[in-house]
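A short worksheet on the structure shown next.
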Amino acid sequence: MRLAGEPTPLLVSTPLFVLSAVLSGLMLGTFASSQTVAVQATSTIGFFPCLLLSGFVYPIANIPFPLSLFSVIFPARYYVQLTRDAFVRGADWSEMWPVPLILTTFCAVFLGAAWLSLRRMRTKE
């Protein structure tokens with residue numbers, strides 16, 4: 001499948017999305033008590049809601065109202081929107097500029113939460 005629009009928003013947002021996914025896993029891992037709990041929390045809290053609430057499987061407009069509000073807190077929603085805009089609609093920066101900013105915000109929030117949690121775990125000398 002060829003890009004219908006400008007490739008730079010996709011090239012900028014893809015590393016940001018991957019970084020936000022890694023940082024969300026790191027954040028969940030810092031709150032977990034063991035590796036098993038961290039893996040289960042990441043798959044339960046991270047993977048399944050992202051798949052179902054991102055708009056990839058079901059359009060967000062078809063998700064019932066209270067559940068559709070939860071889709072706002074998952075970075076996958078914005079990345080799916082960006083890829084649809086880039087590949088199908090042929091959108092350019094003027095239409096897609098909020099997505100890299102939103103993904104950067106997710107990265108900052110996840111990194112900050114993981115950093116605070118890791119700081120709390122540090123032993124005093």
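By order in the structure tokens, chains are A, B, ...; within a chain, residues start at 1; ligands start at 1, following the order shown.
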
If you take only C-alpha atoms and a cut-off of 8 Å, which residues of segment 47-90 of chain A touch segment 5-28 of chain A, and what are their nearest atom pairs and distances in Å to one decimal, in chain and number order, as CSV?
```
residue,atom,partner,partner_atom,distance
A:Pro75,CA,A:Phe17,CA,6.9
A:Ala76,CA,A:Phe17,CA,7.5
A:Tyr79,CA,A:Phe17,CA,6.8
A:Leu82,CA,A:Leu10,CA,7.1
A:Thr83,CA,A:Leu10,CA,7.0
A:Asp85,CA,A:Gly5,CA,7.7
A:Ala86,CA,A:Gly5,CA,5.1
A:Phe87,CA,A:Gly5,CA,6.6
A:Arg89,CA,A:Gly5,CA,7.2
A:Gly90,CA,A:Gly5,CA,3.6
```

Write the residues of the selection above to a file with C-alpha atoms, as a compact mmCIF listing (two decimals), in the first residue's frame.
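So the final result, stored in again_5.txt, reads:
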```txt
# COMPACT_ATOMS: atom_id res chain seq x y z
CA PRO A 75 -1.68 6.39 22.42
CA ALA A 76 -2.69 3.71 19.90
CA TYR A 79 -1.42 6.47 15.88
CA LEU A 82 -2.53 9.13 11.85
CA THR A 83 -1.89 6.02 9.75
CA ASP A 85 -4.94 9.78 7.46
CA ALA A 86 -1.55 9.13 5.85
CA PHE A 87 -2.46 6.02 3.87
CA ARG A 89 -7.01 10.21 3.13
CA GLY A 90 -3.72 11.68 1.99
```

Report task. Name the residues of chain A that come out as alpha helix (DSSP H) in a backbone DSSP run; write them as a count of residues only. Result -> 81

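One finds atom CA of Asn62 of chain A at 28.1 Å from atom CA of Gln40 of chain A.
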
Query raised in the report: So, counting only C-alpha atoms, which residue among A:Leu3, A:Thr30, A:Leu53, A:Phe110 is closest to Arg122 of chain A?
Result: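 Residue with the minimum atom-to-atom distance to Arg122 of chain A: A:Thr30.
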
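Take atom CA of Leu101 of chain A and atom CA of Phe48 of chain A: the distance between them is 24.2 Å.
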
Query - Non-local contacts of segment 64-73 of chain A (12 Å; only C-alpha atoms; under 5 positions in same chain excluded) as a ChimeraX atom specification - result: /A:20,24,45-46,48-56,58-59,78-81,102-103,105-106,109-110

Resulting file, chosen residues, C-alpha atoms, as a tab-separated table (two decimals), in the first residue's frame:
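So the final result, stored in out_4.tsv, reads:
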```tsv
chain	number	residue	atom	x	y	z
A	20	SER	CA	5.30	5.75	24.30
A	24	SER	CA	4.06	2.68	29.29
A	45	ILE	CA	-3.91	-2.93	30.74
A	46	GLY	CA	-1.83	-2.20	27.66
A	48	PHE	CA	-6.24	-5.49	25.04
A	49	PRO	CA	-7.69	-2.01	25.62
A	50	CYS	CA	-5.36	-0.54	22.98
A	51	LEU	CA	-6.53	-3.09	20.45
A	52	LEU	CA	-10.21	-2.68	21.23
A	53	LEU	CA	-10.38	1.06	21.97
A	54	SER	CA	-7.94	2.41	19.39
A	55	GLY	CA	-10.34	2.37	16.49
A	56	PHE	CA	-8.39	-0.38	14.74
A	58	TYR	CA	-14.08	-1.10	15.80
A	59	PRO	CA	-14.66	2.51	14.79
A	78	TYR	CA	-3.92	8.60	17.82
A	79	TYR	CA	-1.42	6.47	15.88
A	80	VAL	CA	-4.22	4.54	14.17
A	81	GLN	CA	-5.83	7.84	13.26
A	102	ILE	CA	-0.13	14.19	21.77
A	103	LEU	CA	2.30	11.28	21.46
A	105	THR	CA	2.81	14.29	25.83
A	106	PHE	CA	2.16	10.59	26.43
A	109	VAL	CA	3.76	11.50	31.24
A	110	PHE	CA	4.83	7.85	31.10
```

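The space between atom CA of Met96 of chain A and atom CA of Phe74 of chain A spans 17.3 Å.
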